[in-house]
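Presented below is the structure to which this report refers.
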There are 2 protein chains.
Amino acid sequence: MNAHTSLAHLLATQRETPQAMLDALKSRFGTQCSTAMAVREQHGRDESSFEAPPPSAVIFAESTQDVADAVKIADQFGVPVIPFGVGSSLEGHLLAVQGGISIDTGRMNKVLSINAEDLTVTVQPGVNRVQLNEEIKSTGLFFPIDPGAVASIGGMTATRASGTNAVRYGTMRENVLALEVVTANGQVIRTGTRAKKSSAGYDLTRLMVGSEGTLGVITEITLRIYPLPEAISAAICSFPSIEAAVRTTIQVIQMGIPIARVELIDVNTVRMVNTYAKLNLREEPMLLMEFHGSPSGVKEQAETVQEIASEFGGNAFEWAVTPEERTRLWAARHNSYFAAIQSKPGCRAISTDTCVPISRLADCLLDSVAEADASGLPYFLVGHVGDGNFHFGYLLDPSIPREREVAEELNNKLVSRALRLGGTCTGEHGVGLHKMDFLVTEAGDGAVEMMRTIKRALDPKNIMNPGKIFAI
Amino acid sequence: MNAHTSLAHLLATQRETPQAMLDALKSRFGTQCSTAMAVREQHGRDESSFEAPPPSAVIFAESTQDVADAVKIADQFGVPVIPFGVGSSLEGHLLAVQGGISIDTGRMNKVLSINAEDLTVTVQPGVNRVQLNEEIKSTGLFFPIDPGAVASIGGMTATRASGTNAVRYGTMRENVLALEVVTANGQVIRTGTRAKKSSAGYDLTRLMVGSEGTLGVITEITLRIYPLPEAISAAICSFPSIEAAVRTTIQVIQMGIPIARVELIDVNTVRMVNTYAKLNLREEPMLLMEFHGSPSGVKEQAETVQEIASEFGGNAFEWAVTPEERTRLWAARHNSYFAAIQSKPGCRAISTDTCVPISRLADCLLDSVAEADASGLPYFLVGHVGDGNFHFGYLLDPSIPREREVAEELNNKLVSRALRLGGTCTGEHGVGLHKMDFLVTEAGDGAVEMMRTIKRALDPKNIMNPGKIFAI
């Protein structure tokens, strides 16, 4: 795997945006079309450490029709389109590696309908997860999927995102019921219905979820939402070692305890978060946990987990009972990425995203921790360990090429280990630019060729976010 | 919608199996290849009411290699292949409407590996759901998906099946983690891993789940399994009306109570089941319910549901506490289809399969009951009502064409109503031959054309179970 060789290769395939196309866009979109360099540059990068020339224009779409018209113009000129939500991708999804225009869906930010009785909500792609929860709060319902960033629902759908609640509520794969999509020729289609299940033909919804903008632009999403639990309690438990924390998690999951969140934070990250958020968390590996249910159910779950933890040397739980305490706790977790970035001024993070079957979690994690420690590179480590998913963030100085090499070597070893253990190179961030070679190792040539065949059939001019997932 | 016109149209496209192909199959498969008429006829029908000429040969595959070789020969001659599990499809999936050979996977019936610690199991497609549960029983785990028939896991995957436990545990969509598939050119690919979640490229697993054999032959399936609940209790509750039973269900679901099963049985079906299974169930509409959890959790759930039921005039619960009582209860539910068939000797059933958002369940169901009552055609009605999914089975005398017309008219009205209410024409049986026109109405021309485009790209010779889901 050499992401930067691939990137150089891709950049050699840049397609020009002809002036006639820019004229057509200006004529159709007026001030909704910007070619200002600052705007283009802002849309040509994300939270990854990759760089590419910016898109040649940015369309601020305000409706499905806007998206469809922009795609039709792009189709006419054979120029790429790159959907943009809030720019929080970690894998280079938003980079115009083959040129083209960015379609910013940020103004499509309406919650279109709330069906509280059916536990569904339909939103435009620019709605972000925090806004969504704010807008449905009065119904007593919530949407649980929470990647670290305040991501857009469109982007979360396109990358098959998850987060801390996935251990109980599933990922975008399980929680997207239906979509509206603009296809590569600018046609608007709908996939799925609001019914909870269906056997009506190919599962186009799931095909679009996680397709990273390469098959179409998502313009509407119907999601499952959930009743706010009657009782919620959150707890922190510190452990003498990462291994003790991981073994506790494995046992909790194997017993089928419906824990809502179980997050590992290593001691490095605890220190970074303490500094960043002015907290006084005990500087040991810890699990952050949350229990949802009826008051007695929550109590029962917590007692069982506490027993398991103490068998592995975990300290007594520190409880966060009030909503304010819980919010503070989870804000600390969600801020860990930013806390880490700030711990080494000017650094960039290369974030790993392996996910393994839970029984292999200790094997995968502990050897990788040893390798990271031995490398001397600073790092943070957080994990949705209940799902077998964890992230190292290697913090590198972009001006020292050797640090990037070390980080990539660590990542390579980690991914190889995860694949050997029956896991995946990406649990929730997507393939983007960074994991194309890993994808081939993981899925095999045959499966990747099947993906390519689908891509070629649905996007014959290769204009939908080309150069991501695989090179055509 | 006129399923029989479509069928006639399809039958006009029958492809001959050349003698040279039969010779090649005989030479490769010896006694594993049968051209005996009785064998061919058995493989050319299912539980649907459709008829077509039988396949020209049946291959009894014993390995993935057998399947791959059979498909390669079929590819060479451009002749269809139809995967066969146990023959319990209700939608004509197994009929050789365009000719071709049947690949019987019944001998591929091994549980390949049980990963109890990860709550996963990997099986061959010919394993049936009862056998699977038998083989994993000693681990304290179970596989919850239970269509009425003792279906094969391969067939259940291909039709995106579900059943009575889906309200809590999801359908095959949520419970298939990974697959091995023989593609249209005889290549063997793998999709997914044993990791609980992944964002690694297109979701080929979900694309194959529910593809009804039209994109490949499934040769290995990795499934999620679950710890047997610490406590289980089942209860029957009779209601003064279907409406009262349905309103109870709606409230239970909307409150987020994690009920494991909630099945509606109408009074017709209660009578049929009483006769067939020599039971003395009270002859009123009833809900069969099951609660899974810790002893106190189960008690809490049951108390809440009992309160809701009594508000709607439901009788006191009759409990089935021992495993034997529970088995008897659920056997009655699972036998309702056969009980109904036996209630009118010589009849065939046309089974409906609509699924609607839960808030629309009463609207959809009650009007359809009124129409069925008015038609004079005998019928049964059972429903996975917690998911908004229910089945009418119209019992018709195949020698009286008018009865089929009446049944199809009732089904048409029901499906139109379900679609109007935001639902789907098929919750779990699949499209097969019967719902092709409904699929277009439901999904729209654009989405169906996308499905066709994928089909044409992955199966350019149209040999994988052609004529199902849509005509190419």
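Lettering and numbering for the structure tokens are positional, with chains as A, B, ... in the shown order, residues counted from 1 in each chain, and ligands counted from 1 in the shown order.
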Would you mind listing, for every residue of chain A within 7 Å of chain B, the two atoms forming the shortest contact and the distance between them in Å to one decimal, using only C-alpha atoms, sorted by chain and ascending residue number, as CSV?
```
residue,atom,partner,partner_atom,distance
A:Glu117,CA,B:Ser359,CA,5.8
A:Asp118,CA,B:Ile358,CA,5.7
A:Thr159,CA,B:Ser199,CA,6.5
A:Arg160,CA,B:Ser199,CA,5.7
A:Glu174,CA,B:Glu174,CA,6.8
A:Ile189,CA,B:Gly446,CA,5.5
A:Arg190,CA,B:Ala447,CA,6.4
A:Thr191,CA,B:Ala443,CA,6.5
A:Thr193,CA,B:Gly423,CA,6.0
A:Arg194,CA,B:Gly422,CA,5.8
A:Ala195,CA,B:Pro357,CA,4.6
A:Lys196,CA,B:Asp387,CA,6.2
A:Lys197,CA,B:Gly427,CA,5.5
A:Ser198,CA,B:Gly427,CA,4.0
A:Ser199,CA,B:Gly430,CA,4.7
A:Ala200,CA,B:Thr426,CA,5.7
A:Gly201,CA,B:Ile469,CA,6.1
A:Tyr202,CA,B:Ser211,CA,5.6
A:Asp203,CA,B:Leu207,CA,5.5
A:Arg206,CA,B:Arg206,CA,6.3
A:Leu207,CA,B:Asp203,CA,5.5
A:Gly210,CA,B:Ser199,CA,6.1
A:Ser211,CA,B:Tyr202,CA,5.6
A:Pro227,CA,B:Gly256,CA,6.1
A:Gln254,CA,B:Glu117,CA,6.0
A:Met255,CA,B:Pro227,CA,6.9
A:Gly256,CA,B:Pro227,CA,6.1
A:Gly297,CA,B:Gly297,CA,6.3
A:Cys355,CA,B:Ala195,CA,6.0
A:Val356,CA,B:Ala195,CA,4.8
A:Pro357,CA,B:Ala195,CA,4.6
A:Ile358,CA,B:Asp118,CA,5.7
A:Ser359,CA,B:Asp118,CA,5.7
A:Asp387,CA,B:Lys196,CA,6.2
A:Gly422,CA,B:Arg194,CA,5.8
A:Gly423,CA,B:Ala195,CA,5.0
A:Thr424,CA,B:Ser198,CA,6.3
A:Cys425,CA,B:Ala200,CA,7.0
A:Thr426,CA,B:Ser199,CA,5.4
A:Gly427,CA,B:Ser198,CA,4.0
A:Glu428,CA,B:Ser199,CA,5.0
A:His429,CA,B:Ser199,CA,6.4
A:Gly430,CA,B:Ser199,CA,4.7
A:Val431,CA,B:Ala200,CA,5.8
A:Leu439,CA,B:Ala200,CA,6.4
A:Ala443,CA,B:Thr191,CA,6.5
A:Gly446,CA,B:Ile189,CA,5.5
A:Ala447,CA,B:Ile189,CA,5.7
A:Met451,CA,B:Tyr202,CA,6.3
A:Thr453,CA,B:Ala457,CA,6.5
A:Ile454,CA,B:Ile454,CA,6.0
A:Ala457,CA,B:Ala457,CA,6.1
A:Ile469,CA,B:Gly201,CA,6.1
```
Same residues, N, CA and C atoms, output as a short mmCIF file (atom, residue, chain, number, x, y, z; two decimals), in the first residue's frame:
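Okay, this is what ended up in result-v1.cif:
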```
data_model
loop_
_atom_site.label_atom_id
_atom_site.label_comp_id
_atom_site.auth_asym_id
_atom_site.auth_seq_id
_atom_site.Cartn_x
_atom_site.Cartn_y
_atom_site.Cartn_z
N GLU A 117 -44.79 8.42 15.10
CA GLU A 117 -45.49 7.16 15.36
C GLU A 117 -44.78 5.98 14.73
N ASP A 118 -44.10 6.23 13.61
CA ASP A 118 -43.40 5.15 12.92
C ASP A 118 -41.92 5.11 13.25
N THR A 159 -20.74 7.37 3.61
CA THR A 159 -19.58 6.63 4.11
C THR A 159 -19.97 5.46 5.01
N ARG A 160 -21.23 5.21 5.17
CA ARG A 160 -21.72 4.14 6.05
C ARG A 160 -21.14 4.36 7.46
N GLU A 174 -27.86 -0.06 8.98
CA GLU A 174 -29.10 -0.55 9.59
C GLU A 174 -30.14 0.54 9.75
N ILE A 189 -34.03 9.22 -8.56
CA ILE A 189 -34.72 7.97 -8.23
C ILE A 189 -34.94 7.88 -6.73
N ARG A 190 -35.85 6.99 -6.35
CA ARG A 190 -36.08 6.71 -4.94
C ARG A 190 -35.78 5.24 -4.68
N THR A 191 -35.20 4.97 -3.54
CA THR A 191 -34.93 3.59 -3.14
C THR A 191 -35.59 3.36 -1.79
N THR A 193 -38.70 2.21 1.07
CA THR A 193 -39.93 2.87 1.51
C THR A 193 -39.79 3.09 3.02
N ARG A 194 -40.86 3.60 3.62
CA ARG A 194 -40.82 3.77 5.07
C ARG A 194 -41.18 2.48 5.81
N ALA A 195 -41.54 1.42 5.09
CA ALA A 195 -41.81 0.15 5.76
C ALA A 195 -40.53 -0.37 6.40
N LYS A 196 -40.68 -1.05 7.52
CA LYS A 196 -39.50 -1.47 8.28
C LYS A 196 -38.69 -2.53 7.55
N LYS A 197 -39.35 -3.33 6.75
CA LYS A 197 -38.62 -4.36 6.01
C LYS A 197 -39.24 -4.51 4.64
N SER A 198 -38.50 -5.10 3.71
CA SER A 198 -39.01 -5.27 2.36
C SER A 198 -38.15 -6.29 1.64
N SER A 199 -38.77 -7.06 0.74
CA SER A 199 -38.03 -7.95 -0.14
C SER A 199 -38.26 -7.56 -1.59
N ALA A 200 -38.47 -6.26 -1.83
CA ALA A 200 -38.86 -5.80 -3.16
C ALA A 200 -37.64 -5.46 -4.01
N GLY A 201 -37.03 -6.49 -4.57
CA GLY A 201 -35.95 -6.26 -5.53
C GLY A 201 -34.61 -5.96 -4.87
N TYR A 202 -33.65 -5.54 -5.72
CA TYR A 202 -32.30 -5.31 -5.21
C TYR A 202 -32.30 -4.20 -4.16
N ASP A 203 -31.44 -4.36 -3.18
CA ASP A 203 -31.36 -3.43 -2.06
C ASP A 203 -30.54 -2.21 -2.47
N ARG A 206 -29.07 0.00 0.37
CA ARG A 206 -27.79 -0.44 0.96
C ARG A 206 -26.64 -0.30 -0.04
N LEU A 207 -26.94 -0.38 -1.34
CA LEU A 207 -25.88 -0.17 -2.34
C LEU A 207 -25.39 1.27 -2.30
N GLY A 210 -22.72 3.97 1.79
CA GLY A 210 -21.32 3.54 1.75
C GLY A 210 -20.71 3.60 0.37
N SER A 211 -21.42 4.15 -0.62
CA SER A 211 -20.85 4.19 -1.97
C SER A 211 -20.00 5.45 -2.18
N PRO A 227 -37.11 5.82 20.48
CA PRO A 227 -37.60 6.51 21.68
C PRO A 227 -36.42 6.78 22.61
N GLN A 254 -20.15 -10.74 24.65
CA GLN A 254 -20.46 -12.16 24.47
C GLN A 254 -21.64 -12.61 25.33
N MET A 255 -21.86 -11.90 26.44
CA MET A 255 -23.01 -12.25 27.27
C MET A 255 -24.31 -11.66 26.73
N GLY A 256 -24.20 -10.84 25.69
CA GLY A 256 -25.41 -10.29 25.08
C GLY A 256 -26.02 -9.15 25.88
N GLY A 297 -33.95 -1.99 34.35
CA GLY A 297 -33.10 -2.64 33.35
C GLY A 297 -31.70 -2.03 33.33
N CYS A 355 -11.55 -2.96 12.11
CA CYS A 355 -12.63 -3.55 12.90
C CYS A 355 -12.50 -5.06 12.78
N VAL A 356 -12.49 -5.75 13.90
CA VAL A 356 -12.31 -7.21 13.89
C VAL A 356 -13.43 -7.89 14.68
N PRO A 357 -13.62 -9.20 14.44
CA PRO A 357 -14.56 -9.93 15.29
C PRO A 357 -14.12 -9.76 16.76
N ILE A 358 -15.08 -9.63 17.64
CA ILE A 358 -14.78 -9.25 19.02
C ILE A 358 -13.79 -10.21 19.69
N SER A 359 -13.82 -11.48 19.35
CA SER A 359 -12.91 -12.44 19.99
C SER A 359 -11.45 -12.16 19.64
N ASP A 387 -17.88 -3.01 19.28
CA ASP A 387 -18.03 -3.48 17.90
C ASP A 387 -16.73 -4.05 17.34
N GLY A 422 -9.70 -11.85 10.31
CA GLY A 422 -11.08 -11.90 9.83
C GLY A 422 -11.79 -10.56 9.88
N GLY A 423 -11.04 -9.47 9.94
CA GLY A 423 -11.64 -8.15 10.08
C GLY A 423 -11.62 -7.35 8.79
N THR A 424 -11.84 -6.05 8.95
CA THR A 424 -11.93 -5.14 7.81
C THR A 424 -10.98 -3.96 8.02
N CYS A 425 -10.53 -3.38 6.91
CA CYS A 425 -9.61 -2.24 6.99
C CYS A 425 -10.33 -0.97 7.41
N THR A 426 -11.65 -0.94 7.26
CA THR A 426 -12.40 0.26 7.64
C THR A 426 -13.75 -0.09 8.25
N GLY A 427 -13.91 0.25 9.50
CA GLY A 427 -15.17 -0.02 10.19
C GLY A 427 -16.22 1.04 9.92
N GLU A 428 -15.75 2.29 9.66
CA GLU A 428 -16.75 3.36 9.57
C GLU A 428 -16.31 4.60 8.80
N HIS A 429 -15.05 4.69 8.43
CA HIS A 429 -14.59 5.92 7.75
C HIS A 429 -14.72 5.84 6.23
N GLY A 430 -14.72 4.64 5.70
CA GLY A 430 -14.76 4.48 4.25
C GLY A 430 -13.38 4.26 3.67
N VAL A 431 -13.35 3.95 2.38
CA VAL A 431 -12.10 3.63 1.69
C VAL A 431 -11.43 4.92 1.20
N LEU A 439 -8.43 -2.47 0.28
CA LEU A 439 -9.72 -3.03 -0.12
C LEU A 439 -9.52 -4.26 -1.00
N ALA A 443 -11.13 -7.67 0.13
CA ALA A 443 -12.31 -8.18 -0.57
C ALA A 443 -11.92 -9.17 -1.67
N GLY A 446 -11.92 -10.49 -7.25
CA GLY A 446 -13.23 -10.79 -7.83
C GLY A 446 -14.30 -9.83 -7.33
N ALA A 447 -14.32 -9.62 -6.01
CA ALA A 447 -15.35 -8.74 -5.44
C ALA A 447 -15.11 -7.29 -5.87
N MET A 451 -17.53 -4.70 -7.93
CA MET A 451 -17.83 -3.29 -7.60
C MET A 451 -17.55 -2.40 -8.81
N THR A 453 -17.54 -3.20 -11.92
CA THR A 453 -18.52 -3.47 -12.98
C THR A 453 -19.81 -2.70 -12.72
N ILE A 454 -20.22 -2.68 -11.46
CA ILE A 454 -21.42 -1.92 -11.09
C ILE A 454 -21.19 -0.43 -11.34
N ALA A 457 -21.29 0.40 -14.99
CA ALA A 457 -22.64 0.30 -15.55
C ALA A 457 -23.49 1.51 -15.15
N ILE A 469 -12.51 4.81 -3.62
CA ILE A 469 -12.79 3.37 -3.41
C ILE A 469 -11.87 2.52 -4.29
#
```
B:Leu395 surroundings by only C-alpha atoms, 8 Å radius, close-in-sequence under 5 positions cut, as a PyMOL selection string: chain B and resi 340-341+344+347-350+377-380
Minimum-distance residue to A:Val298, chosen among A:Ile242, A:Val267, A:Ala235, A:Ala374 (using only C-alpha atoms):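 Closest candidate: A:Ala235.
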Distance query A:Val86 at most 8 Å, only C-alpha atoms, self and fewer than 3 positions along chain excluded, as a PyMOL selection string: chain A and resi 106+126+151-152+155
Picked from stretch 188-329 of chain B by DSSP as alpha helix (DSSP H), as a ChimeraX atom specification: /B:204-208,242-254,267-277,295-311,323-329
Nearest to A:Gln32 by atom-to-atom distance, counting only C-alpha atoms, from A:Ser102, A:Asn280, A:Thr248, A:Gln124: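 Of the candidates, the smallest distance to A:Gln32 is held by A:Ser102.
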Within 9 Å of B:Val111 using only C-alpha atoms, minus same-chain residues under 6 positions, as number ranges by chain: B: 121-124, 127, 132, 135-136
Selection from above, C-alpha atoms, as a JSON list (two decimals), in the first residue's frame, can you write it?
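So the final result, stored in part-v1.json, reads:
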```
[["chain", "number", "residue", "atom", "x", "y", "z"],
["B", 121, "VAL", "CA", -21.78, -19.03, 12.32],
["B", 122, "THR", "CA", -20.82, -19.95, 8.75],
["B", 123, "VAL", "CA", -22.98, -22.42, 6.87],
["B", 124, "GLN", "CA", -23.50, -23.94, 3.46],
["B", 127, "VAL", "CA", -28.53, -26.01, 5.85],
["B", 132, "LEU", "CA", -28.91, -24.85, 12.21],
["B", 135, "GLU", "CA", -26.41, -27.79, 15.64],
["B", 136, "ILE", "CA", -25.66, -24.65, 17.63]]
```
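Atom CA of B:Asn128 is found 5.5 Å from atom CA of B:Ile153.
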Option closest in space to B:Met286, from B:Ile232, B:Leu95, B:Gln342, B:Val382 [counting only C-alpha atoms]: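 Nearest to B:Met286: B:Val382.
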